[in-house]
Amino acid sequence: MEEFEQMNKLTEEEKNIPEDILQEIIMYLYTNGLIIKSKKGGVSHIPIMLTPSSIPKNIYEKIFFYQLAFNKIINKLSNDQKFLEEILTPISEKDNFVKKNLEISKKLINYEHKQKIKLGIFRNDYLFDKNQNFLFFTEYNTIASSMGTFSDKIKKFYSFFSQKYPDIFKKYSEKSIPIEGFDNIEKFAESMIEGIKLAFPQQYKESIIVFVVQKNETNIFDQYSLSDELYNKYKIHSIRMTLEEIKNKCSQDENGNLLLNDILISLFYFRASYCENDFPNDEAWQGRELIELSTAIKVPDINTFLTTFKIFQYELSKPQILMHYIQNELIINDILRFFGNIYYIRDMSPENITDLFNKIKENPDKYILKPMREGGGNNITGEKLKELIVANEINVSDLIKNSVIVDKIDSYTHEGLVIRDEKIKTQNSISEYSAYGIILTNENNIVINKSVSFLVRTKSQDSVEGGIIEGAGAIDIPCLLDIKLETNLNKKIEITAEEIQKYLDDLKAQEEAKQKEEEEVKKKEEEEAKKKEEEEKKEENVKNEEQPNTEG
């Protein structure tokens with residue numbers, strides 16, 4: 001524990017980095033492509049931490065391992081059309097963004113050119129709770145996964161300077177930097193190519209990949225790194241287009257293929273379409289639908305994107321839901337520990353709603369309201385949440401009903417040293433830890449399932465709303481410590497193999513009963529149809545017998 005506390009405080013050497021070394025670090029960032037597009041014009045280096053975000057090794061390796069299970073769970077959930085519609089339909093009645101995405105999903109059910117190859121690239125985010133000494137799941141992302149392809153370059157940055165200036169970077173060492181991971185560019189590109197080879201075995205070499213982007217997106221250079229990997233290694237070109245450009249410039253042939261200047265688009269990689277701002281007009285929505293109703297691989301496809309709506313974070317925290325998608329009791333029990341307390345007003349009794357609202361009014365900083373969107377910038381907490389609750393405590397507003405409320409994670413803070421805009425400063429920091437995963441399936445059969453990388457995003461404690469990271473913040477990597485903090489989880493759920501089997505048996509019994517009922521209804525309908533046919537035939541015979549004979 002003493003080592004952990006030391007890691008969270010700055011040393012004098014760290015506080016007083018010489019100007020010449022600072023300039024060397026800045027030049028390294030520029031010359032090695034660790035840059036972003038500046039809102040003021042031109043480019044700037046990415047904000048980067050010079051002091052590590054430490055975490056017990058056993059806890060962090062756990063989320064890297066369980067990313068494999070999360071990949072499977074999200075993939076299976078995205079294929080559960082009935083459940084997706086059941087959960088999202090009530091929300092879609094008052095949420096137009098959810099409604100429009102769900103409508104596109106429904107159009108795919110019987111679509112003749114539906115692509116059977118699915119590729120998911122996910123980033124799971126966690127915060128470290130200082131009271132329970134555990135990483136808690138905050139959200140998973142399918143689109144807003146910027147900075148992921150910088151991982152390998154970031155690792156090389158820390159490895160280089162920790163060796164060159166060991167006194168300044170002494171907290172970083174080869175053993176503290178995770179051995180696995182940090183090859184996102186290679187793995188992302190590899191999975192894309194494997195997917196389009198399966199989908200278009202004869203045409204993939206002549207196809208192009210489209211990055212779906214926002215009109216004035218700033219985080220573009222991590223995408224260019226991926227574009228370079230796709231061309232340099234596989235000779236596949238990629239371009240950047242907005243949803244409106246896709247609608248206006250692409251055409252579709254009789255086989256459902258999307259073409260740009262007569263060239264097949266084999267894959268769409270989304271960096272846009274996760275919020276209303278990406279749909280300024282009907283043409284943008286038409287572009288989104290055009291993509292989905294095509295043979296191209298979508299990363300992610302519409303159903304996988306639907307799973308990012310926060311309601312599914314709540315649903316997957318239920319044992320009886322989670323065990324529907326994975327049946328190993330040890331994995332289920334561990335995954336359930338990653339979820340904190342989550343509340344969904346539609347599932348609560350009036351008494352429980354009143355109790356929750358009273359707690360929020362007393363301590364609004366301890367709760368966060370999460371609308372159905374990716375990204376921490378949509379969250380509401382503190383006095384804003386209190387005002388929302390007070391204004392709607394009698395007749396609950398659609399915003400509250402169509403959101404989930406979670407207990408705020410009381411994160412560890414650490415003294416940090418950050419370089420931003422070519423300047424160095426100290427700050428009290430909160431870090432969000434992330435693991436990247438990839439899953440590629442062919443008609444629901446897994447082709448690739450990998451945990452591929454780590455990333456840490458760190459912000460000043462003062463700029464973090466309710467303990468939730470908004471935006472990228474400064475980039476870091478996890479500094480792994482060989483210590484074990486005694487975990488004190490307030491919420492423990494133990495699922496046994498017998499309970500899982502009983503749940504599966506009950507599901508099977510329900511399906512069999514439903515099938516039997518459908519067969520009985522079908523049999524009854526067939527009997528009635530046969531009876532009606534016999535009666536009509538009988539009436540026809542009687543009618544014929546009664547007709548007078550006019551022959552002769």
# chains A, B, ... in the order shown; residues from 1 in each chain; ligands from 1
>>> select_by_dssp(residues="stretch 294-354 of chain A", states="strand (DSSP E)", output="list in words")
Ile297, Lys298, Val299, Ile342 and Tyr343 of chain A
>>> write_last_selection(atoms="N, CA, C and O atoms", output="compact mmCIF listing (two decimals), in the first residue's frame")
# COMPACT_ATOMS: atom_id res chain seq x y z
N ILE A 297 -19.36 -4.42 -44.91
CA ILE A 297 -19.20 -4.68 -43.48
C ILE A 297 -19.27 -3.33 -42.76
O ILE A 297 -18.71 -2.34 -43.24
N LYS A 298 -19.98 -3.30 -41.63
CA LYS A 298 -20.09 -2.07 -40.87
C LYS A 298 -19.40 -2.25 -39.52
O LYS A 298 -19.67 -3.22 -38.81
N VAL A 299 -18.54 -1.31 -39.14
CA VAL A 299 -17.85 -1.38 -37.85
C VAL A 299 -18.20 -0.14 -37.05
O VAL A 299 -17.57 0.90 -37.17
N ILE A 342 -26.95 0.43 -10.49
CA ILE A 342 -27.58 1.10 -11.63
C ILE A 342 -29.09 1.09 -11.41
O ILE A 342 -29.66 0.06 -11.05
N TYR A 343 -29.74 2.24 -11.66
CA TYR A 343 -31.17 2.37 -11.43
C TYR A 343 -31.86 2.78 -12.74
O TYR A 343 -31.37 3.64 -13.46
>>> residues_around(residues="stretch 348-354 of chain A", least_positions_apart="2", cutoff="12 Å", atoms="only C-alpha atoms", output="list in words")
Ile342, Tyr343, Tyr344, Ile345, Arg346, Leu356, Phe357, Asn358, Lys359, Ile360, Lys361, Ile389, Val390, Asn392, Glu393, Ile394, Asn395, Val396, Ile400, Lys401, Val404 and Ile405 of chain A
>>> atom_distance(atom1="atom CA of A:Lys153", atom2="atom CA of A:Leu29")
9.2 Å
>>> residues_around(residues="A:Ile500", least_positions_apart="2", cutoff="10 Å", atoms="only C-alpha atoms", output="PDB file with C-alpha atoms, in the first residue's frame")
ATOM      1  CA  PRO A 319     -27.732 -12.017 -13.533  1.00  0.00           C
ATOM      2  CA  GLN A 320     -30.769 -13.475 -15.304  1.00  0.00           C
ATOM      3  CA  MET A 323     -26.488 -15.658 -18.101  1.00  0.00           C
ATOM      4  CA  HIS A 324     -28.560 -15.695 -21.287  1.00  0.00           C
ATOM      5  CA  ILE A 326     -22.748 -16.506 -21.347  1.00  0.00           C
ATOM      6  CA  GLN A 327     -23.111 -19.658 -19.251  1.00  0.00           C
ATOM      7  CA  ASN A 328     -19.882 -19.954 -17.237  1.00  0.00           C
ATOM      8  CA  GLU A 329     -20.682 -19.178 -13.592  1.00  0.00           C
ATOM      9  CA  ILE A 332     -20.578 -14.329 -14.827  1.00  0.00           C
ATOM     10  CA  ILE A 495     -24.334 -17.319  -9.352  1.00  0.00           C
ATOM     11  CA  THR A 496     -24.035 -21.109  -9.260  1.00  0.00           C
ATOM     12  CA  ALA A 497     -23.861 -23.551 -12.137  1.00  0.00           C
ATOM     13  CA  GLU A 498     -27.169 -25.012 -10.941  1.00  0.00           C
ATOM     14  CA  LYS A 502     -32.178 -23.950 -14.165  1.00  0.00           C
ATOM     15  CA  TYR A 503     -32.413 -20.658 -16.053  1.00  0.00           C
ATOM     16  CA  LEU A 504     -31.503 -22.370 -19.322  1.00  0.00           C
ATOM     17  CA  ASP A 505     -33.942 -25.215 -18.619  1.00  0.00           C
ATOM     18  CA  ASP A 506     -36.701 -22.672 -17.906  1.00  0.00           C
TER      19      ASP A 506
END
>>> select_by_dssp(residues="stretch 118-217 of chain A", states="helix (DSSP H, G or I)", output="ChimeraX atom specification")
/A:148-164,184-199,204-206
>>> write_last_selection(atoms="C-alpha atoms", output="tab-separated table (two decimals), in the first residue's frame")
chain	number	residue	atom	x	y	z
A	148	GLY	CA	-6.85	3.77	-29.90
A	149	THR	CA	-4.38	3.49	-32.78
A	150	PHE	CA	-1.88	5.64	-30.86
A	151	SER	CA	-1.36	2.91	-28.26
A	152	ASP	CA	1.80	1.42	-29.77
A	153	LYS	CA	3.38	4.86	-30.23
A	154	ILE	CA	2.49	5.82	-26.67
A	155	LYS	CA	4.15	2.71	-25.26
A	156	LYS	CA	7.31	3.45	-27.27
A	157	PHE	CA	7.29	7.02	-25.93
A	158	TYR	CA	7.34	5.85	-22.30
A	159	SER	CA	9.84	3.07	-22.98
A	160	PHE	CA	12.20	5.51	-24.73
A	161	PHE	CA	12.20	8.25	-22.09
A	162	SER	CA	12.18	5.92	-19.07
A	163	GLN	CA	15.46	4.45	-20.39
A	164	LYS	CA	17.01	7.76	-21.45
A	184	ASN	CA	-4.01	-1.69	-32.13
A	185	ILE	CA	-3.08	-0.42	-35.60
A	186	GLU	CA	-1.89	-3.85	-36.65
A	187	LYS	CA	-4.82	-5.73	-35.09
A	188	PHE	CA	-7.52	-3.30	-36.26
A	189	ALA	CA	-6.24	-3.45	-39.84
A	190	GLU	CA	-5.80	-7.23	-39.73
A	191	SER	CA	-9.37	-7.79	-38.55
A	192	MET	CA	-10.74	-5.46	-41.25
A	193	ILE	CA	-8.86	-7.29	-43.96
A	194	GLU	CA	-9.89	-10.71	-42.64
A	195	GLY	CA	-13.50	-9.54	-42.67
A	196	ILE	CA	-13.54	-8.22	-46.22
A	197	LYS	CA	-11.72	-11.34	-47.47
A	198	LEU	CA	-14.61	-13.40	-46.09
A	199	ALA	CA	-17.28	-11.07	-47.43
A	204	TYR	CA	-11.57	-7.32	-51.84
A	205	LYS	CA	-8.25	-6.29	-53.46
A	206	GLU	CA	-10.04	-3.80	-55.72
>>> closest_residue(among="A:Ser78, A:Ser225, A:Asn71, A:Thr138", to="A:Leu34", atoms="only C-alpha atoms")
A:Ser225
>>> residues_around(residues="stretch 88-98 of chain A", least_positions_apart="5", cutoff="9 Å", atoms="only C-alpha atoms", output="ChimeraX atom specification")
/A:83,103,275-276,306,309,311,372,398-399,401-403
>>> residues_around(residues="stretch 445-447 of chain A", least_positions_apart="5", cutoff="10 Å", atoms="only C-alpha atoms", output="PDB file with N, CA and C atoms, in the first residue's frame")
ATOM      1  N   LYS A  72     -17.869 -11.330 -26.633  1.00  0.00           N
ATOM      2  CA  LYS A  72     -18.881 -12.347 -26.941  1.00  0.00           C
ATOM      3  C   LYS A  72     -20.273 -11.889 -26.510  1.00  0.00           C
ATOM      4  N   ASN A  75     -21.607  -9.173 -28.802  1.00  0.00           N
ATOM      5  CA  ASN A  75     -21.920  -9.759 -30.107  1.00  0.00           C
ATOM      6  C   ASN A  75     -23.239 -10.533 -30.052  1.00  0.00           C
ATOM      7  N   ILE A 117     -21.120 -11.107 -42.310  1.00  0.00           N
ATOM      8  CA  ILE A 117     -19.856 -10.909 -41.606  1.00  0.00           C
ATOM      9  C   ILE A 117     -20.015  -9.706 -40.682  1.00  0.00           C
ATOM     10  N   LYS A 118     -19.718  -9.887 -39.395  1.00  0.00           N
ATOM     11  CA  LYS A 118     -19.820  -8.793 -38.427  1.00  0.00           C
ATOM     12  C   LYS A 118     -18.454  -8.573 -37.783  1.00  0.00           C
ATOM     13  N   LEU A 119     -18.075  -7.308 -37.685  1.00  0.00           N
ATOM     14  CA  LEU A 119     -16.819  -6.949 -37.021  1.00  0.00           C
ATOM     15  C   LEU A 119     -17.105  -5.901 -35.962  1.00  0.00           C
ATOM     16  N   SER A 191      -7.979  -7.314 -38.676  1.00  0.00           N
ATOM     17  CA  SER A 191      -9.367  -7.790 -38.554  1.00  0.00           C
ATOM     18  C   SER A 191     -10.237  -7.257 -39.692  1.00  0.00           C
ATOM     19  N   GLU A 194      -9.327  -9.359 -42.764  1.00  0.00           N
ATOM     20  CA  GLU A 194      -9.889 -10.713 -42.640  1.00  0.00           C
ATOM     21  C   GLU A 194     -11.391 -10.695 -42.914  1.00  0.00           C
ATOM     22  N   GLY A 195     -12.067  -9.646 -42.440  1.00  0.00           N
ATOM     23  CA  GLY A 195     -13.504  -9.541 -42.669  1.00  0.00           C
ATOM     24  C   GLY A 195     -13.861  -9.375 -44.137  1.00  0.00           C
ATOM     25  N   ILE A 439     -13.878  -8.508 -32.152  1.00  0.00           N
ATOM     26  CA  ILE A 439     -14.530  -9.781 -32.431  1.00  0.00           C
ATOM     27  C   ILE A 439     -15.039  -9.769 -33.875  1.00  0.00           C
ATOM     28  N   LEU A 440     -14.674 -10.803 -34.616  1.00  0.00           N
ATOM     29  CA  LEU A 440     -15.109 -10.987 -35.999  1.00  0.00           C
ATOM     30  C   LEU A 440     -15.876 -12.291 -36.086  1.00  0.00           C
TER      31      LEU A 440
END
>>> closest_residue(among="A:Thr487, A:Ser227, A:Thr304, A:Thr441", to="A:Gln81", atoms="only C-alpha atoms")
A:Thr304
>>> residues_around(residues="stretch 104-115 of chain A", least_positions_apart="5", cutoff="10 Å", atoms="only C-alpha atoms", output="list in words")
Gln81, Leu84, Glu85, Lys99, Ala199, Glu254, Asn255, Gly256, Asn257, Trp285, Gln286, Arg288, Glu289, Leu290, Glu292, Leu293, Ser294, Thr295, Ala296, Ile297, Lys298, Asp301, Ile302, Asn303, Thr304, Phe305, Leu306, Asn442 and Glu443 of chain A
>>> closest_atom_pairs(of="stretch 106-148 of chain A", to="stretch 53-64 of chain A", cutoff="12 Å", atoms="only C-alpha atoms", output="tab-separated table")
residue	atom	partner	partner_atom	distance
A:Arg123	CA	A:Phe64	CA	10.8
A:Asn124	CA	A:Ile63	CA	8.7
A:Asp125	CA	A:Ile63	CA	9.6
A:Tyr126	CA	A:Ile63	CA	8.8
A:Leu127	CA	A:Ile55	CA	10.6
A:Phe128	CA	A:Ile55	CA	8.3
A:Asp129	CA	A:Ile55	CA	11.1
A:Lys130	CA	A:Ile55	CA	11.2
A:Asn133	CA	A:Ile59	CA	9.2
A:Phe134	CA	A:Ile59	CA	7.2
A:Leu135	CA	A:Ile59	CA	7.2
A:Phe136	CA	A:Ile63	CA	9.8
A:Phe137	CA	A:Ile63	CA	9.4
>>> write_last_selection(atoms="all heavy atoms", output="short mmCIF file (atom, residue, chain, number, x, y, z; two decimals), in the first residue's frame")
data_model
loop_
_atom_site.label_atom_id
_atom_site.label_comp_id
_atom_site.auth_asym_id
_atom_site.auth_seq_id
_atom_site.Cartn_x
_atom_site.Cartn_y
_atom_site.Cartn_z
N ARG A 123 -14.19 -0.57 -27.03
CA ARG A 123 -13.33 -0.07 -25.95
C ARG A 123 -14.16 -0.04 -24.67
O ARG A 123 -15.18 0.65 -24.61
CB ARG A 123 -12.81 1.34 -26.26
CG ARG A 123 -11.69 1.78 -25.31
CD ARG A 123 -11.40 3.27 -25.43
NE ARG A 123 -12.42 4.05 -24.76
CZ ARG A 123 -12.94 5.17 -25.26
NH1 ARG A 123 -12.56 5.62 -26.43
NH2 ARG A 123 -13.88 5.82 -24.58
N ASN A 124 -13.75 -0.79 -23.67
CA ASN A 124 -14.43 -0.79 -22.37
C ASN A 124 -13.70 0.14 -21.42
O ASN A 124 -12.47 0.07 -21.29
CB ASN A 124 -14.44 -2.20 -21.78
CG ASN A 124 -15.53 -3.07 -22.35
OD1 ASN A 124 -15.95 -2.87 -23.49
ND2 ASN A 124 -16.00 -4.03 -21.58
N ASP A 125 -14.45 1.01 -20.75
CA ASP A 125 -13.87 2.01 -19.85
C ASP A 125 -14.19 1.68 -18.39
O ASP A 125 -15.30 1.25 -18.07
CB ASP A 125 -14.41 3.40 -20.18
CG ASP A 125 -14.05 3.84 -21.59
OD1 ASP A 125 -13.04 3.34 -22.12
OD2 ASP A 125 -14.77 4.69 -22.15
N TYR A 126 -13.21 1.94 -17.51
CA TYR A 126 -13.33 1.63 -16.09
C TYR A 126 -12.75 2.77 -15.25
O TYR A 126 -11.80 3.44 -15.68
CB TYR A 126 -12.58 0.35 -15.73
CG TYR A 126 -13.01 -0.88 -16.49
CD1 TYR A 126 -12.52 -1.14 -17.76
CD2 TYR A 126 -13.89 -1.81 -15.93
CE1 TYR A 126 -12.89 -2.26 -18.48
CE2 TYR A 126 -14.27 -2.94 -16.64
CZ TYR A 126 -13.77 -3.16 -17.91
OH TYR A 126 -14.13 -4.29 -18.61
N LEU A 127 -13.30 2.94 -14.06
CA LEU A 127 -12.74 3.84 -13.05
C LEU A 127 -12.41 3.03 -11.80
O LEU A 127 -13.12 2.08 -11.46
CB LEU A 127 -13.70 4.97 -12.72
CG LEU A 127 -13.85 6.08 -13.77
CD1 LEU A 127 -14.99 7.02 -13.39
CD2 LEU A 127 -12.56 6.88 -13.92
N PHE A 128 -11.35 3.43 -11.11
CA PHE A 128 -10.87 2.72 -9.92
C PHE A 128 -11.49 3.36 -8.68
O PHE A 128 -11.26 4.52 -8.38
CB PHE A 128 -9.34 2.80 -9.87
CG PHE A 128 -8.71 1.85 -8.89
CD1 PHE A 128 -9.35 0.70 -8.49
CD2 PHE A 128 -7.45 2.10 -8.39
CE1 PHE A 128 -8.77 -0.18 -7.60
CE2 PHE A 128 -6.84 1.24 -7.50
CZ PHE A 128 -7.50 0.09 -7.11
N ASP A 129 -12.32 2.61 -7.96
CA ASP A 129 -12.99 3.10 -6.76
C ASP A 129 -12.07 2.95 -5.56
O ASP A 129 -11.63 1.85 -5.23
CB ASP A 129 -14.29 2.32 -6.53
CG ASP A 129 -15.14 2.93 -5.43
OD1 ASP A 129 -14.76 2.77 -4.25
OD2 ASP A 129 -16.17 3.55 -5.73
N LYS A 130 -11.79 4.07 -4.89
CA LYS A 130 -10.82 4.04 -3.78
C LYS A 130 -11.40 3.43 -2.51
O LYS A 130 -10.65 3.01 -1.63
CB LYS A 130 -10.31 5.44 -3.48
CG LYS A 130 -11.34 6.40 -2.92
CD LYS A 130 -10.72 7.77 -2.72
CE LYS A 130 -11.73 8.76 -2.16
NZ LYS A 130 -11.16 10.12 -2.00
N ASN A 133 -11.53 -0.46 -3.73
CA ASN A 133 -10.28 -0.95 -4.32
C ASN A 133 -10.54 -1.87 -5.51
O ASN A 133 -10.01 -2.98 -5.58
CB ASN A 133 -9.44 -1.68 -3.27
CG ASN A 133 -8.85 -0.72 -2.25
OD1 ASN A 133 -8.51 0.41 -2.59
ND2 ASN A 133 -8.75 -1.16 -1.01
N PHE A 134 -11.37 -1.40 -6.41
CA PHE A 134 -11.74 -2.23 -7.54
C PHE A 134 -12.04 -1.34 -8.74
O PHE A 134 -12.48 -0.20 -8.59
CB PHE A 134 -12.98 -3.07 -7.18
CG PHE A 134 -13.20 -4.25 -8.09
CD1 PHE A 134 -12.39 -5.37 -7.98
CD2 PHE A 134 -14.20 -4.24 -9.03
CE1 PHE A 134 -12.58 -6.47 -8.82
CE2 PHE A 134 -14.41 -5.33 -9.87
CZ PHE A 134 -13.58 -6.45 -9.76
N LEU A 135 -11.80 -1.88 -9.94
CA LEU A 135 -12.17 -1.18 -11.16
C LEU A 135 -13.65 -1.43 -11.47
O LEU A 135 -14.08 -2.58 -11.52
CB LEU A 135 -11.33 -1.69 -12.33
CG LEU A 135 -9.90 -1.15 -12.46
CD1 LEU A 135 -9.21 -1.84 -13.62
CD2 LEU A 135 -9.88 0.35 -12.65
N PHE A 136 -14.39 -0.36 -11.69
CA PHE A 136 -15.80 -0.49 -12.03
C PHE A 136 -16.04 -0.01 -13.46
O PHE A 136 -15.50 0.99 -13.91
CB PHE A 136 -16.68 0.29 -11.06
CG PHE A 136 -16.86 -0.42 -9.74
CD1 PHE A 136 -16.05 -0.11 -8.66
CD2 PHE A 136 -17.81 -1.41 -9.60
CE1 PHE A 136 -16.20 -0.77 -7.45
CE2 PHE A 136 -17.98 -2.08 -8.40
CZ PHE A 136 -17.16 -1.76 -7.32
N PHE A 137 -16.88 -0.77 -14.13
CA PHE A 137 -17.23 -0.52 -15.53
C PHE A 137 -18.03 0.76 -15.64
O PHE A 137 -18.99 0.97 -14.90
CB PHE A 137 -18.04 -1.73 -16.01
CG PHE A 137 -18.53 -1.66 -17.42
CD1 PHE A 137 -17.67 -1.88 -18.47
CD2 PHE A 137 -19.86 -1.41 -17.70
CE1 PHE A 137 -18.13 -1.85 -19.78
CE2 PHE A 137 -20.33 -1.38 -18.99
CZ PHE A 137 -19.44 -1.59 -20.05
#
>>> closest_residue(among="A:Val542, A:Leu243, A:Ile236, A:Leu485", to="A:Pro280", atoms="only C-alpha atoms")
A:Leu243
>>> residues_around(residues="A:Leu68", least_positions_apart="6", cutoff="8 Å", atoms="only C-alpha atoms", output="ChimeraX atom specification")
/A:437,449-451
>>> atom_distance(atom1="atom CA of A:Lys76", atom2="atom CA of A:Lys408")
28.6 Å
>>> atom_distance(atom1="atom CA of A:Asp482", atom2="atom CA of A:Asn141")
29.2 Å
>>> decode(residues="stretch 436-449 of chain A", atoms="N, CA, C and O atoms", output="PDB file, in the first residue's frame")
ATOM      1  N   TYR A 436      -9.166  -2.507 -25.082  1.00  0.00           N
ATOM      2  CA  TYR A 436      -9.720  -2.637 -26.427  1.00  0.00           C
ATOM      3  C   TYR A 436      -9.912  -4.107 -26.780  1.00  0.00           C
ATOM      4  O   TYR A 436      -9.085  -4.952 -26.423  1.00  0.00           O
ATOM      5  N   GLY A 437     -11.009  -4.388 -27.501  1.00  0.00           N
ATOM      6  CA  GLY A 437     -11.287  -5.749 -27.935  1.00  0.00           C
ATOM      7  C   GLY A 437     -11.781  -5.783 -29.364  1.00  0.00           C
ATOM      8  O   GLY A 437     -12.337  -4.806 -29.873  1.00  0.00           O
ATOM      9  N   ILE A 438     -11.566  -6.921 -30.022  1.00  0.00           N
ATOM     10  CA  ILE A 438     -12.013  -7.140 -31.399  1.00  0.00           C
ATOM     11  C   ILE A 438     -12.724  -8.476 -31.480  1.00  0.00           C
ATOM     12  O   ILE A 438     -12.244  -9.472 -30.928  1.00  0.00           O
ATOM     13  N   ILE A 439     -13.878  -8.508 -32.152  1.00  0.00           N
ATOM     14  CA  ILE A 439     -14.530  -9.781 -32.431  1.00  0.00           C
ATOM     15  C   ILE A 439     -15.039  -9.769 -33.875  1.00  0.00           C
ATOM     16  O   ILE A 439     -15.705  -8.817 -34.306  1.00  0.00           O
ATOM     17  N   LEU A 440     -14.674 -10.803 -34.616  1.00  0.00           N
ATOM     18  CA  LEU A 440     -15.109 -10.987 -35.999  1.00  0.00           C
ATOM     19  C   LEU A 440     -15.876 -12.291 -36.086  1.00  0.00           C
ATOM     20  O   LEU A 440     -15.387 -13.337 -35.650  1.00  0.00           O
ATOM     21  N   THR A 441     -17.101 -12.237 -36.643  1.00  0.00           N
ATOM     22  CA  THR A 441     -17.919 -13.442 -36.752  1.00  0.00           C
ATOM     23  C   THR A 441     -18.414 -13.612 -38.184  1.00  0.00           C
ATOM     24  O   THR A 441     -18.602 -12.640 -38.922  1.00  0.00           O
ATOM     25  N   ASN A 442     -18.631 -14.863 -38.548  1.00  0.00           N
ATOM     26  CA  ASN A 442     -19.178 -15.228 -39.853  1.00  0.00           C
ATOM     27  C   ASN A 442     -20.416 -16.073 -39.599  1.00  0.00           C
ATOM     28  O   ASN A 442     -20.320 -17.209 -39.133  1.00  0.00           O
ATOM     29  N   GLU A 443     -21.601 -15.487 -39.855  1.00  0.00           N
ATOM     30  CA  GLU A 443     -22.875 -16.159 -39.530  1.00  0.00           C
ATOM     31  C   GLU A 443     -22.871 -16.627 -38.083  1.00  0.00           C
ATOM     32  O   GLU A 443     -23.218 -17.758 -37.768  1.00  0.00           O
ATOM     33  N   ASN A 444     -22.442 -15.732 -37.186  1.00  0.00           N
ATOM     34  CA  ASN A 444     -22.421 -15.936 -35.734  1.00  0.00           C
ATOM     35  C   ASN A 444     -21.346 -16.917 -35.272  1.00  0.00           C
ATOM     36  O   ASN A 444     -21.260 -17.208 -34.067  1.00  0.00           O
ATOM     37  N   ASN A 445     -20.531 -17.438 -36.166  1.00  0.00           N
ATOM     38  CA  ASN A 445     -19.391 -18.268 -35.774  1.00  0.00           C
ATOM     39  C   ASN A 445     -18.167 -17.375 -35.596  1.00  0.00           C
ATOM     40  O   ASN A 445     -17.813 -16.599 -36.494  1.00  0.00           O
ATOM     41  N   ILE A 446     -17.510 -17.491 -34.442  1.00  0.00           N
ATOM     42  CA  ILE A 446     -16.390 -16.608 -34.133  1.00  0.00           C
ATOM     43  C   ILE A 446     -15.168 -16.962 -34.975  1.00  0.00           C
ATOM     44  O   ILE A 446     -14.727 -18.102 -35.011  1.00  0.00           O
ATOM     45  N   VAL A 447     -14.635 -15.947 -35.658  1.00  0.00           N
ATOM     46  CA  VAL A 447     -13.412 -16.092 -36.451  1.00  0.00           C
ATOM     47  C   VAL A 447     -12.227 -15.506 -35.680  1.00  0.00           C
ATOM     48  O   VAL A 447     -11.147 -16.088 -35.630  1.00  0.00           O
ATOM     49  N   ILE A 448     -12.419 -14.327 -35.081  1.00  0.00           N
ATOM     50  CA  ILE A 448     -11.400 -13.664 -34.264  1.00  0.00           C
ATOM     51  C   ILE A 448     -12.059 -13.169 -32.984  1.00  0.00           C
ATOM     52  O   ILE A 448     -13.142 -12.591 -33.025  1.00  0.00           O
ATOM     53  N   ASN A 449     -11.421 -13.374 -31.846  1.00  0.00           N
ATOM     54  CA  ASN A 449     -11.851 -12.769 -30.586  1.00  0.00           C
ATOM     55  C   ASN A 449     -10.601 -12.462 -29.776  1.00  0.00           C
ATOM     56  O   ASN A 449      -9.925 -13.368 -29.305  1.00  0.00           O
TER      57      ASN A 449
END
